[in-house]
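Report on the structure given below.
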Amino acid sequence: MYDYRAPRREFEFVLHEVLEAERVLARLGREDIGRELIDSVIDEGAKFAETVLSPINWRGDWDGARYDNGAVAAPEGFKAAYQQFCRDGWAGMAATPDYGGQGLPAIAHIPVGEMLCSAAMAWRMASGLSEGAVLALTKHGSDALKARFLEKLVRGEWTGTMCLTEPQAGTDLGILRTRAEPASDGSFRITGTKIFISWGEHDLTENIVHLVLARLPDAAPGTRGISLFLVPKRLDGQPNGVHCDSIEHKMGIHGSPTCVLSFDAAQGWMIGQPGGGLACMFTMMNHARLGVGLQGLGLSERALQASVRYAFERLQGRSARGPVARDKAADPIIAHADVRRMVMTQKALTEGQRMLAYYTYMLEDVERLAGDAEERARASQLVAFLVPIVKSLLTDSGMENASLAVQVHGGSGFIRETGVEQYLRDAKIACIYEGTNGIQALDFLGRKVLMNGGATLKVLAAEIAQTLAGELPAALKPWAAALTAKIEEWAQLTRQVGERVAQDPEELGAVAVDYLNFGGYVLLGWAWLRMARVASAKLAAGTPEKAYYEGKLAAAAFYFERLLPRTLSCAASVRAGGATLPTLTPEHYVA
């Protein structure tokens, strides 16, 4: 088992040297959030992740959550860690001070979120869902509901869930059946079954606040008839008709109980307006989708750390260029080119995606805090555009990087004792929940690109053009030229796809994943160009951290020369379109 080490230097590089978080926050009116405060939050978060969470991660996987006649017990150590998390004030990092929160901007607390995902993803899901519930209730709840529930959620005394899926209604929420009957006191009685509810029952806290999608008796069909309700597990200390019927036995995230919940005339209260449930829930879902992208990033970081340690310690064979460790019986496997390929792939993807994710979170701060309405609207537009890319690209890479970690370890990676196979099993769910990555691609291409005629893409392209127009060292100019060409190709693909979708709507689903991945890899190229420019400037100035910045430039070169070319395959698949997806019968697949 590997201990987790918080990548503090990486956080400093992205936040302070590339994104210039302190300057941006000051411009947004948050002069109180300076570099010293941000770094202190990271340092304290790192201590918690390294010393409290990381040691219980393997136990959560091995033991899992336990179900007994409707009650669910979290794995050993999870409850104590959660109680310390709340005592130390982490539960309210992002919440409004009006209800006991710290009101930190996203860019100041997101590194803590990443560290929690790296240290113990299954554990982190409980507090992450609660943060989403707080956000939805803060934005859409009545004053009475806020007064009654928010403070306990913010302090972590109670946790929150998101209850959407039913046995017959997964992605297609328009066919959900859970009912909400009005009561004479203004509340509602909720009846139905929800499945796949993460942390829907547990022993971390005495109460759980469920946000439940349900239908009123006179609701319109489809998604227009869905409303959102707050339904606590307990009311005034008494059971409220919410039962856990079972928990799932899963491929990964064993420490996180995935519950089947029954609501039997449970008392609840509406959040928002009748029929406005999805709009309210999307506040929570978009937060969750970025959070799931952060899970992919956190697992990528942990997989990278394991690969680096093993590759430099494991002795096996000799380098093709001759012995490297002449005083030893064999060379460290990092001496072999193929191992370096795998580790460099992990490094280039992980560090580039951290930059992209943190840029997106910084845009959320602009959306909330900017004084100019036009700037807020532009930031909101860009966040909506980037959410499906962050969710999809970072979770797919979490799988790729975890798989590479297993491969680097060879047979040792395939057995449980090393710990890296857990990262692979945990990572897969992130590609599925909060909207599968295929759904993210459909949303991205259909709603975020084609629905507005590519307007947001043009806004983002203009942002990238500012980087390309800036002063660049000669060594970086070929990368800028490659990125310029990719931006132009992205626009061409958009026009081609738009024309084909207008003729045949199925073309959207046929090309959406490859289209999203094309754009994602282009954006990672932009991230790496920005980071490479900073690294080049530091080296030119004679920095004492020469090796660190040389590593950045090496990873940038690797990205542009070996990973950005993945866009060639993506573009070819987009151009091939739906013609390559014939409708075959079962007989075509049977030998």
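A note on labels: chains of the structure tokens are A, B, ... as shown, every chain counts residues from 1, and ligands are counted from 1 in their shown order.
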What lies within 12 Å of Val501 (chain A) using only C-alpha atoms, ignoring chain neighbours under 6 positions off, as a PyMOL selection string? chain A and resi 445-446+450-451+493-495+507-512+574+577-578
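The nearest approach to Met251 (chain A) among the residues A:Gly453, A:Gly237, A:Pro473, A:Gly64, with only C-alpha atoms taken into account, belongs to A:Gly64.
CA of Gly252 (chain A) lies 8.4 Å from CA of Tyr423 (chain A).
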Provide the CA of Gly225 (chain A) to CA of Gly275 (chain A) distance in Å, to one decimal place. 4.7 Å
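Shortest separation to Pro239 (chain A) among A:Trp269, A:Tyr359, A:Phe263, A:Val292 occurs at residue A:Phe263, atoms counted being only C-alpha atoms.
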Given the choices A:Leu297, A:Met1, A:Ala133, A:Val209, which gets closest to Lys347 (chain A) if the distance is worked out from only C-alpha atoms? A:Leu297
Which residues are close to Lys391 (chain A), i.e. within 12 Å by only C-alpha atoms, leaving aside same-chain residues fewer than 2 positions away? Reply as an mmCIF file with all heavy atoms, in the first residue's frame.
data_model
loop_
_atom_site.group_PDB
_atom_site.id
_atom_site.type_symbol
_atom_site.label_atom_id
_atom_site.label_comp_id
_atom_site.auth_asym_id
_atom_site.auth_seq_id
_atom_site.Cartn_x
_atom_site.Cartn_y
_atom_site.Cartn_z
ATOM 1 N N MET A 285 -26.467 18.900 -9.651
ATOM 2 C CA MET A 285 -25.858 17.975 -10.589
ATOM 3 C C MET A 285 -24.622 18.571 -11.262
ATOM 4 O O MET A 285 -23.618 17.876 -11.466
ATOM 5 C CB MET A 285 -26.879 17.531 -11.633
ATOM 6 C CG MET A 285 -27.939 16.595 -11.090
ATOM 7 S SD MET A 285 -29.229 16.193 -12.297
ATOM 8 C CE MET A 285 -28.292 15.235 -13.487
ATOM 9 N N ASN A 286 -24.682 19.839 -11.640
ATOM 10 C CA ASN A 286 -23.504 20.450 -12.270
ATOM 11 C C ASN A 286 -22.348 20.533 -11.278
ATOM 12 O O ASN A 286 -21.189 20.326 -11.637
ATOM 13 C CB ASN A 286 -23.854 21.829 -12.819
ATOM 14 C CG ASN A 286 -24.586 21.751 -14.142
ATOM 15 O OD1 ASN A 286 -24.420 20.802 -14.904
ATOM 16 N ND2 ASN A 286 -25.415 22.737 -14.419
ATOM 17 N N HIS A 287 -22.670 20.855 -10.013
ATOM 18 C CA HIS A 287 -21.648 20.825 -8.972
ATOM 19 C C HIS A 287 -21.079 19.429 -8.858
ATOM 20 O O HIS A 287 -19.859 19.228 -8.742
ATOM 21 C CB HIS A 287 -22.264 21.270 -7.648
ATOM 22 C CG HIS A 287 -21.342 21.160 -6.471
ATOM 23 N ND1 HIS A 287 -21.233 20.004 -5.727
ATOM 24 C CD2 HIS A 287 -20.484 22.043 -5.914
ATOM 25 C CE1 HIS A 287 -20.356 20.176 -4.768
ATOM 26 N NE2 HIS A 287 -19.882 21.407 -4.854
ATOM 27 N N ALA A 288 -21.967 18.422 -8.887
ATOM 28 C CA ALA A 288 -21.524 17.038 -8.750
ATOM 29 C C ALA A 288 -20.696 16.598 -9.946
ATOM 30 O O ALA A 288 -19.731 15.839 -9.803
ATOM 31 C CB ALA A 288 -22.733 16.124 -8.572
ATOM 32 N N ARG A 289 -21.046 17.048 -11.142
ATOM 33 C CA ARG A 289 -20.299 16.640 -12.332
ATOM 34 C C ARG A 289 -18.873 17.178 -12.303
ATOM 35 O O ARG A 289 -17.924 16.469 -12.667
ATOM 36 C CB ARG A 289 -21.044 17.097 -13.594
ATOM 37 C CG ARG A 289 -22.266 16.241 -13.872
ATOM 38 C CD ARG A 289 -23.153 16.757 -14.985
ATOM 39 N NE ARG A 289 -24.236 15.799 -15.222
ATOM 40 C CZ ARG A 289 -25.241 15.997 -16.060
ATOM 41 N NH1 ARG A 289 -25.316 17.130 -16.750
ATOM 42 N NH2 ARG A 289 -26.177 15.071 -16.216
ATOM 43 N N LEU A 290 -18.714 18.417 -11.878
ATOM 44 C CA LEU A 290 -17.351 18.911 -11.697
ATOM 45 C C LEU A 290 -16.648 18.131 -10.594
ATOM 46 O O LEU A 290 -15.452 17.818 -10.698
ATOM 47 C CB LEU A 290 -17.371 20.400 -11.354
ATOM 48 C CG LEU A 290 -17.623 21.365 -12.517
ATOM 49 C CD1 LEU A 290 -17.658 22.803 -12.010
ATOM 50 C CD2 LEU A 290 -16.562 21.223 -13.604
ATOM 51 N N GLY A 291 -17.399 17.804 -9.537
ATOM 52 C CA GLY A 291 -16.811 17.040 -8.443
ATOM 53 C C GLY A 291 -16.382 15.650 -8.875
ATOM 54 O O GLY A 291 -15.355 15.131 -8.421
ATOM 55 N N VAL A 292 -17.146 15.027 -9.775
ATOM 56 C CA VAL A 292 -16.764 13.712 -10.286
ATOM 57 C C VAL A 292 -15.523 13.834 -11.169
ATOM 58 O O VAL A 292 -14.637 12.972 -11.145
ATOM 59 C CB VAL A 292 -17.940 13.065 -11.045
ATOM 60 C CG1 VAL A 292 -17.495 11.801 -11.762
ATOM 61 C CG2 VAL A 292 -19.067 12.739 -10.082
ATOM 62 N N GLY A 293 -15.440 14.918 -11.950
ATOM 63 C CA GLY A 293 -14.202 15.160 -12.690
ATOM 64 C C GLY A 293 -13.019 15.261 -11.750
ATOM 65 O O GLY A 293 -11.927 14.747 -12.034
ATOM 66 N N LEU A 294 -13.242 15.891 -10.600
ATOM 67 C CA LEU A 294 -12.188 16.007 -9.593
ATOM 68 C C LEU A 294 -11.825 14.632 -9.027
ATOM 69 O O LEU A 294 -10.669 14.388 -8.668
ATOM 70 C CB LEU A 294 -12.659 16.944 -8.480
ATOM 71 C CG LEU A 294 -11.592 17.780 -7.757
ATOM 72 C CD1 LEU A 294 -10.872 18.706 -8.727
ATOM 73 C CD2 LEU A 294 -12.226 18.582 -6.628
ATOM 74 N N GLN A 295 -12.810 13.739 -8.937
ATOM 75 C CA GLN A 295 -12.506 12.370 -8.512
ATOM 76 C C GLN A 295 -11.560 11.694 -9.510
ATOM 77 O O GLN A 295 -10.597 11.017 -9.121
ATOM 78 C CB GLN A 295 -13.799 11.561 -8.390
ATOM 79 C CG GLN A 295 -14.683 11.980 -7.235
ATOM 80 C CD GLN A 295 -16.000 11.217 -7.218
ATOM 81 O OE1 GLN A 295 -16.255 10.368 -8.078
ATOM 82 N NE2 GLN A 295 -16.854 11.525 -6.250
ATOM 83 N N GLY A 296 -11.850 11.866 -10.807
ATOM 84 C CA GLY A 296 -10.961 11.311 -11.817
ATOM 85 C C GLY A 296 -9.564 11.867 -11.699
ATOM 86 O O GLY A 296 -8.568 11.127 -11.783
ATOM 87 N N LEU A 297 -9.464 13.178 -11.470
ATOM 88 C CA LEU A 297 -8.165 13.813 -11.296
ATOM 89 C C LEU A 297 -7.461 13.296 -10.051
ATOM 90 O O LEU A 297 -6.250 13.006 -10.073
ATOM 91 C CB LEU A 297 -8.349 15.336 -11.209
ATOM 92 C CG LEU A 297 -7.100 16.164 -10.913
ATOM 93 C CD1 LEU A 297 -6.050 15.990 -12.004
ATOM 94 C CD2 LEU A 297 -7.473 17.645 -10.748
ATOM 95 N N GLN A 353 -4.755 18.207 -16.908
ATOM 96 C CA GLN A 353 -6.160 18.222 -16.526
ATOM 97 C C GLN A 353 -6.393 18.965 -15.220
ATOM 98 O O GLN A 353 -7.471 19.531 -15.012
ATOM 99 C CB GLN A 353 -6.679 16.786 -16.476
ATOM 100 C CG GLN A 353 -6.778 16.190 -17.873
ATOM 101 C CD GLN A 353 -7.120 14.728 -17.900
ATOM 102 O OE1 GLN A 353 -7.289 14.096 -16.872
ATOM 103 N NE2 GLN A 353 -7.204 14.160 -19.090
ATOM 104 N N LEU A 356 -6.835 22.474 -16.356
ATOM 105 C CA LEU A 356 -8.146 22.699 -16.979
ATOM 106 C C LEU A 356 -9.258 22.731 -15.937
ATOM 107 O O LEU A 356 -10.146 23.595 -15.989
ATOM 108 C CB LEU A 356 -8.410 21.602 -18.007
ATOM 109 C CG LEU A 356 -9.748 21.680 -18.751
ATOM 110 C CD1 LEU A 356 -9.864 22.975 -19.535
ATOM 111 C CD2 LEU A 356 -9.910 20.475 -19.683
ATOM 112 N N ALA A 357 -9.216 21.815 -14.976
ATOM 113 C CA ALA A 357 -10.254 21.775 -13.947
ATOM 114 C C ALA A 357 -10.217 23.028 -13.081
ATOM 115 O O ALA A 357 -11.259 23.636 -12.796
ATOM 116 C CB ALA A 357 -10.080 20.532 -13.075
ATOM 117 N N THR A 360 -11.635 26.001 -14.739
ATOM 118 C CA THR A 360 -13.098 25.970 -14.742
ATOM 119 C C THR A 360 -13.655 26.420 -13.401
ATOM 120 O O THR A 360 -14.626 27.194 -13.339
ATOM 121 C CB THR A 360 -13.594 24.551 -15.073
ATOM 122 O OG1 THR A 360 -13.026 24.123 -16.320
ATOM 123 C CG2 THR A 360 -15.111 24.514 -15.183
ATOM 124 N N VAL A 383 -18.479 28.098 -18.126
ATOM 125 C CA VAL A 383 -18.566 27.002 -17.161
ATOM 126 C C VAL A 383 -19.489 25.910 -17.695
ATOM 127 O O VAL A 383 -19.151 24.713 -17.664
ATOM 128 C CB VAL A 383 -19.062 27.498 -15.791
ATOM 129 C CG1 VAL A 383 -19.411 26.320 -14.884
ATOM 130 C CG2 VAL A 383 -18.001 28.365 -15.117
ATOM 131 N N ALA A 384 -20.652 26.299 -18.183
ATOM 132 C CA ALA A 384 -21.595 25.321 -18.726
ATOM 133 C C ALA A 384 -20.967 24.540 -19.877
ATOM 134 O O ALA A 384 -21.203 23.330 -20.031
ATOM 135 C CB ALA A 384 -22.863 26.024 -19.198
ATOM 136 N N PHE A 385 -20.173 25.202 -20.683
ATOM 137 C CA PHE A 385 -19.489 24.575 -21.810
ATOM 138 C C PHE A 385 -18.441 23.570 -21.333
ATOM 139 O O PHE A 385 -18.294 22.482 -21.907
ATOM 140 C CB PHE A 385 -18.826 25.681 -22.643
ATOM 141 C CG PHE A 385 -18.159 25.227 -23.908
ATOM 142 C CD1 PHE A 385 -18.867 25.128 -25.093
ATOM 143 C CD2 PHE A 385 -16.811 24.924 -23.926
ATOM 144 C CE1 PHE A 385 -18.250 24.735 -26.273
ATOM 145 C CE2 PHE A 385 -16.181 24.524 -25.094
ATOM 146 C CZ PHE A 385 -16.903 24.434 -26.272
ATOM 147 N N LEU A 386 -17.732 23.922 -20.276
ATOM 148 C CA LEU A 386 -16.604 23.106 -19.828
ATOM 149 C C LEU A 386 -16.996 21.955 -18.910
ATOM 150 O O LEU A 386 -16.257 20.967 -18.803
ATOM 151 C CB LEU A 386 -15.578 24.000 -19.116
ATOM 152 C CG LEU A 386 -14.824 24.982 -20.021
ATOM 153 C CD1 LEU A 386 -14.043 25.998 -19.182
ATOM 154 C CD2 LEU A 386 -13.881 24.243 -20.954
ATOM 155 N N VAL A 387 -18.140 22.048 -18.233
ATOM 156 C CA VAL A 387 -18.529 21.002 -17.274
ATOM 157 C C VAL A 387 -18.517 19.612 -17.899
ATOM 158 O O VAL A 387 -17.905 18.681 -17.356
ATOM 159 C CB VAL A 387 -19.895 21.317 -16.631
ATOM 160 C CG1 VAL A 387 -20.495 20.061 -15.989
ATOM 161 C CG2 VAL A 387 -19.750 22.397 -15.579
ATOM 162 N N PRO A 388 -19.183 19.373 -19.051
ATOM 163 C CA PRO A 388 -19.160 18.016 -19.592
ATOM 164 C C PRO A 388 -17.773 17.554 -20.025
ATOM 165 O O PRO A 388 -17.471 16.355 -19.960
ATOM 166 C CB PRO A 388 -20.126 18.087 -20.783
ATOM 167 C CG PRO A 388 -20.269 19.527 -21.097
ATOM 168 C CD PRO A 388 -20.061 20.266 -19.822
ATOM 169 N N ILE A 389 -16.921 18.484 -20.445
ATOM 170 C CA ILE A 389 -15.553 18.103 -20.811
ATOM 171 C C ILE A 389 -14.778 17.689 -19.574
ATOM 172 O O ILE A 389 -14.095 16.658 -19.559
ATOM 173 C CB ILE A 389 -14.837 19.263 -21.535
ATOM 174 C CG1 ILE A 389 -15.513 19.551 -22.876
ATOM 175 C CG2 ILE A 389 -13.360 18.937 -21.751
ATOM 176 C CD1 ILE A 389 -14.874 20.688 -23.651
ATOM 177 N N LEU A 393 -13.651 13.898 -19.702
ATOM 178 C CA LEU A 393 -12.235 13.718 -20.022
ATOM 179 C C LEU A 393 -11.436 13.288 -18.794
ATOM 180 O O LEU A 393 -10.587 12.395 -18.858
ATOM 181 C CB LEU A 393 -11.665 15.014 -20.602
ATOM 182 C CG LEU A 393 -10.304 14.907 -21.289
ATOM 183 C CD1 LEU A 393 -10.405 14.091 -22.567
ATOM 184 C CD2 LEU A 393 -9.750 16.298 -21.597
ATOM 185 N N LEU A 394 -11.699 13.919 -17.649
ATOM 186 C CA LEU A 394 -10.913 13.614 -16.454
ATOM 187 C C LEU A 394 -11.240 12.241 -15.880
ATOM 188 O O LEU A 394 -10.369 11.592 -15.300
ATOM 189 C CB LEU A 394 -11.110 14.697 -15.387
ATOM 190 C CG LEU A 394 -10.152 15.899 -15.488
ATOM 191 C CD1 LEU A 394 -10.331 16.665 -16.776
ATOM 192 C CD2 LEU A 394 -10.334 16.829 -14.300
ATOM 193 N N THR A 395 -12.480 11.794 -16.047
ATOM 194 C CA THR A 395 -12.805 10.467 -15.529
ATOM 195 C C THR A 395 -12.314 9.370 -16.470
ATOM 196 O O THR A 395 -11.860 8.317 -16.017
ATOM 197 C CB THR A 395 -14.313 10.329 -15.275
ATOM 198 O OG1 THR A 395 -15.042 10.602 -16.481
ATOM 199 C CG2 THR A 395 -14.771 11.288 -14.197
ATOM 200 N N ASP A 396 -12.393 9.594 -17.782
ATOM 201 C CA ASP A 396 -11.794 8.638 -18.713
ATOM 202 C C ASP A 396 -10.290 8.523 -18.464
ATOM 203 O O ASP A 396 -9.714 7.427 -18.494
ATOM 204 C CB ASP A 396 -12.052 9.058 -20.158
ATOM 205 C CG ASP A 396 -13.452 8.699 -20.639
ATOM 206 O OD1 ASP A 396 -14.115 7.877 -19.980
ATOM 207 O OD2 ASP A 396 -13.881 9.246 -21.680
ATOM 208 N N SER A 397 -9.661 9.660 -18.203
ATOM 209 C CA SER A 397 -8.225 9.632 -17.928
ATOM 210 C C SER A 397 -7.927 8.995 -16.583
ATOM 211 O O SER A 397 -6.867 8.381 -16.402
ATOM 212 C CB SER A 397 -7.647 11.046 -17.969
ATOM 213 O OG SER A 397 -7.625 11.532 -19.303
ATOM 214 N N GLY A 398 -8.848 9.142 -15.622
ATOM 215 C CA GLY A 398 -8.667 8.448 -14.352
ATOM 216 C C GLY A 398 -8.576 6.949 -14.569
ATOM 217 O O GLY A 398 -7.736 6.266 -13.972
ATOM 218 N N ILE A 429 -16.505 3.912 -11.869
ATOM 219 C CA ILE A 429 -17.817 4.485 -11.584
ATOM 220 C C ILE A 429 -17.887 5.949 -11.968
ATOM 221 O O ILE A 429 -18.943 6.460 -12.345
ATOM 222 C CB ILE A 429 -18.190 4.292 -10.085
ATOM 223 C CG1 ILE A 429 -19.646 4.705 -9.837
ATOM 224 C CG2 ILE A 429 -17.249 5.072 -9.188
ATOM 225 C CD1 ILE A 429 -20.658 3.934 -10.665
ATOM 226 N N ALA A 430 -16.754 6.646 -11.903
ATOM 227 C CA ALA A 430 -16.754 8.075 -12.227
ATOM 228 C C ALA A 430 -17.091 8.328 -13.691
ATOM 229 O O ALA A 430 -17.556 9.413 -14.053
ATOM 230 C CB ALA A 430 -15.407 8.694 -11.883
ATOM 231 N N CYS A 431 -16.866 7.333 -14.541
ATOM 232 C CA CYS A 431 -17.248 7.454 -15.949
ATOM 233 C C CYS A 431 -18.740 7.225 -16.158
ATOM 234 O O CYS A 431 -19.256 7.457 -17.258
ATOM 235 C CB CYS A 431 -16.474 6.437 -16.803
ATOM 236 S SG CYS A 431 -14.686 6.513 -16.666
ATOM 237 N N ILE A 432 -19.425 6.761 -15.108
ATOM 238 C CA ILE A 432 -20.814 6.335 -15.246
ATOM 239 C C ILE A 432 -21.778 7.259 -14.519
ATOM 240 O O ILE A 432 -22.773 7.723 -15.088
ATOM 241 C CB ILE A 432 -20.972 4.890 -14.729
ATOM 242 C CG1 ILE A 432 -20.122 3.934 -15.579
ATOM 243 C CG2 ILE A 432 -22.435 4.467 -14.734
ATOM 244 C CD1 ILE A 432 -20.044 2.520 -15.032
ATOM 245 N N TYR A 433 -21.524 7.520 -13.219
ATOM 246 C CA TYR A 433 -22.562 8.264 -12.485
ATOM 247 C C TYR A 433 -22.500 9.765 -12.749
ATOM 248 O O TYR A 433 -21.575 10.262 -13.361
ATOM 249 C CB TYR A 433 -22.582 7.940 -11.008
ATOM 250 C CG TYR A 433 -21.355 8.151 -10.144
ATOM 251 C CD1 TYR A 433 -20.262 8.900 -10.534
ATOM 252 C CD2 TYR A 433 -21.321 7.568 -8.870
ATOM 253 C CE1 TYR A 433 -19.177 9.082 -9.688
ATOM 254 C CE2 TYR A 433 -20.243 7.734 -8.027
ATOM 255 C CZ TYR A 433 -19.172 8.492 -8.440
ATOM 256 O OH TYR A 433 -18.109 8.662 -7.596
ATOM 257 N N GLU A 434 -23.552 10.441 -12.318
ATOM 258 C CA GLU A 434 -23.786 11.863 -12.626
ATOM 259 C C GLU A 434 -23.895 12.101 -14.130
ATOM 260 O O GLU A 434 -23.514 13.149 -14.637
ATOM 261 C CB GLU A 434 -22.698 12.759 -12.028
ATOM 262 C CG GLU A 434 -22.555 12.660 -10.535
ATOM 263 C CD GLU A 434 -23.866 12.887 -9.793
ATOM 264 O OE1 GLU A 434 -24.768 13.546 -10.348
ATOM 265 O OE2 GLU A 434 -24.001 12.377 -8.677
ATOM 266 N N GLY A 435 -24.452 11.136 -14.836
ATOM 267 C CA GLY A 435 -24.564 11.209 -16.285
ATOM 268 C C GLY A 435 -23.365 10.529 -16.912
ATOM 269 O O GLY A 435 -22.235 10.994 -16.756
ATOM 270 N N THR A 436 -23.584 9.429 -17.599
ATOM 271 C CA THR A 436 -22.460 8.715 -18.210
ATOM 272 C C THR A 436 -21.685 9.650 -19.127
ATOM 273 O O THR A 436 -22.189 10.688 -19.568
ATOM 274 C CB THR A 436 -22.962 7.529 -19.045
ATOM 275 O OG1 THR A 436 -23.691 8.041 -20.182
ATOM 276 C CG2 THR A 436 -23.847 6.604 -18.236
ATOM 277 N N ASN A 437 -20.464 9.248 -19.445
ATOM 278 C CA ASN A 437 -19.656 10.117 -20.304
ATOM 279 C C ASN A 437 -20.242 10.239 -21.709
ATOM 280 O O ASN A 437 -20.030 11.242 -22.387
ATOM 281 C CB ASN A 437 -18.215 9.617 -20.339
ATOM 282 C CG ASN A 437 -17.507 9.894 -19.025
ATOM 283 O OD1 ASN A 437 -18.061 10.537 -18.129
ATOM 284 N ND2 ASN A 437 -16.290 9.403 -18.891
ATOM 285 N N GLY A 438 -20.992 9.226 -22.138
ATOM 286 C CA GLY A 438 -21.718 9.364 -23.395
ATOM 287 C C GLY A 438 -22.796 10.431 -23.314
ATOM 288 O O GLY A 438 -23.003 11.208 -24.259
ATOM 289 N N ILE A 439 -23.496 10.488 -22.178
ATOM 290 C CA ILE A 439 -24.505 11.529 -21.963
ATOM 291 C C ILE A 439 -23.848 12.908 -21.911
ATOM 292 O O ILE A 439 -24.372 13.897 -22.440
ATOM 293 C CB ILE A 439 -25.290 11.259 -20.667
ATOM 294 C CG1 ILE A 439 -26.112 9.970 -20.804
ATOM 295 C CG2 ILE A 439 -26.189 12.443 -20.313
ATOM 296 C CD1 ILE A 439 -27.176 10.015 -21.860
ATOM 297 N N GLN A 440 -22.687 12.992 -21.269
ATOM 298 C CA GLN A 440 -21.957 14.268 -21.235
ATOM 299 C C GLN A 440 -21.645 14.738 -22.657
ATOM 300 O O GLN A 440 -21.745 15.924 -22.973
ATOM 301 C CB GLN A 440 -20.658 14.123 -20.447
ATOM 302 C CG GLN A 440 -20.802 13.659 -19.016
ATOM 303 C CD GLN A 440 -21.716 14.535 -18.206
ATOM 304 O OE1 GLN A 440 -21.620 15.756 -18.236
ATOM 305 N NE2 GLN A 440 -22.621 13.910 -17.472
ATOM 306 N N ALA A 441 -21.232 13.803 -23.501
ATOM 307 C CA ALA A 441 -20.881 14.162 -24.874
ATOM 308 C C ALA A 441 -22.104 14.656 -25.642
ATOM 309 O O ALA A 441 -22.031 15.630 -26.410
ATOM 310 C CB ALA A 441 -20.246 12.968 -25.578
ATOM 311 N N ASP A 443 -24.769 16.060 -24.339
ATOM 312 C CA ASP A 443 -25.077 17.378 -23.785
ATOM 313 C C ASP A 443 -24.131 18.431 -24.349
ATOM 314 O O ASP A 443 -24.561 19.528 -24.748
ATOM 315 C CB ASP A 443 -24.965 17.326 -22.255
ATOM 316 C CG ASP A 443 -25.095 18.696 -21.623
ATOM 317 O OD1 ASP A 443 -26.139 19.349 -21.808
ATOM 318 O OD2 ASP A 443 -24.140 19.127 -20.941
ATOM 319 N N PHE A 444 -22.850 18.073 -24.402
ATOM 320 C CA PHE A 444 -21.852 19.028 -24.884
ATOM 321 C C PHE A 444 -22.113 19.416 -26.336
ATOM 322 O O PHE A 444 -22.225 20.599 -26.666
ATOM 323 C CB PHE A 444 -20.456 18.413 -24.741
ATOM 324 C CG PHE A 444 -19.349 19.279 -25.276
ATOM 325 C CD1 PHE A 444 -19.053 20.494 -24.675
ATOM 326 C CD2 PHE A 444 -18.609 18.877 -26.376
ATOM 327 C CE1 PHE A 444 -18.030 21.301 -25.161
ATOM 328 C CE2 PHE A 444 -17.587 19.668 -26.872
ATOM 329 C CZ PHE A 444 -17.302 20.887 -26.264
ATOM 330 N N LEU A 516 -16.332 15.476 -28.406
ATOM 331 C CA LEU A 516 -15.946 15.993 -27.092
ATOM 332 C C LEU A 516 -14.468 15.728 -26.819
ATOM 333 O O LEU A 516 -13.751 16.615 -26.340
ATOM 334 C CB LEU A 516 -16.811 15.369 -25.998
ATOM 335 C CG LEU A 516 -16.511 15.830 -24.563
ATOM 336 C CD1 LEU A 516 -17.789 15.863 -23.725
ATOM 337 C CD2 LEU A 516 -15.480 14.950 -23.858
ATOM 338 N N ASN A 517 -14.005 14.525 -27.108
ATOM 339 C CA ASN A 517 -12.603 14.201 -26.838
ATOM 340 C C ASN A 517 -11.663 15.047 -27.689
ATOM 341 O O ASN A 517 -10.596 15.458 -27.215
ATOM 342 C CB ASN A 517 -12.356 12.716 -27.081
ATOM 343 C CG ASN A 517 -12.948 11.849 -25.984
ATOM 344 O OD1 ASN A 517 -13.144 12.306 -24.863
ATOM 345 N ND2 ASN A 517 -13.242 10.602 -26.300
ATOM 346 N N GLY A 520 -11.554 18.273 -25.928
ATOM 347 C CA GLY A 520 -10.851 18.133 -24.654
ATOM 348 C C GLY A 520 -9.347 18.102 -24.832
ATOM 349 O O GLY A 520 -8.606 18.761 -24.093
#
Produce a table with one row for each residue of region 120-157 of chain A that has an atom at most 12 Å from any atom of region 185-198 of chain A, each row naming the nearest atom pair and its distance in Å at one decimal; use only C-alpha atoms; arrange rows by chain and rising residue number; format as CSV.
residue,atom,partner,partner_atom,distance
A:Ala122,CA,A:Ser198,CA,9.4
A:Trp123,CA,A:Ser198,CA,10.6
A:Arg124,CA,A:Ser198,CA,11.0
A:Met125,CA,A:Ser198,CA,7.5
A:Ala126,CA,A:Ser198,CA,7.5
A:Ser127,CA,A:Ser198,CA,10.9
A:Gly128,CA,A:Ser198,CA,10.6
A:Leu129,CA,A:Ser198,CA,8.3
A:Ser130,CA,A:Ser198,CA,10.9
A:Leu145,CA,A:Ser187,CA,11.3
With distances taken over only C-alpha atoms, which of A:Leu261, A:Ala120, A:Val14, A:Cys86 is nearest to Thr51 (chain A)?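 Using only C-alpha atoms, Thr51 (chain A) sits closest to A:Ala120.
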Given only C-alpha atoms as the counted atoms, nearest of A:Arg562, A:Arg302, A:Lys79, A:His202 to Met344 (chain A):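 Going through A:Arg562, A:Arg302, A:Lys79, A:His202 one by one, the smallest distance to Met344 (chain A) is for A:Arg562.
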Within region 46-226 of chain A, find each residue whose DSSP state, derived from the backbone, is strand (DSSP E), and express the selection as a ChimeraX atom specification. /A:66-68,71-73,158-163,179-182,188-198,207-215,226
Quick one: everything within 10 Å of Met270 (chain A), counting only C-alpha atoms, minus sequence neighbours fewer than 6 positions away in the same chain. Send it as a list in words.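 Residues near the query, excluding close chain neighbours: His140, Gly141, Ser142, Leu145, Ala180, Pro182, Gly186, Ser187, Phe188, Leu211, Val212, Leu213, Ala214, Ser227, Leu228, Phe229, Leu230, Val231, Gly276 and Gly277 of chain A.
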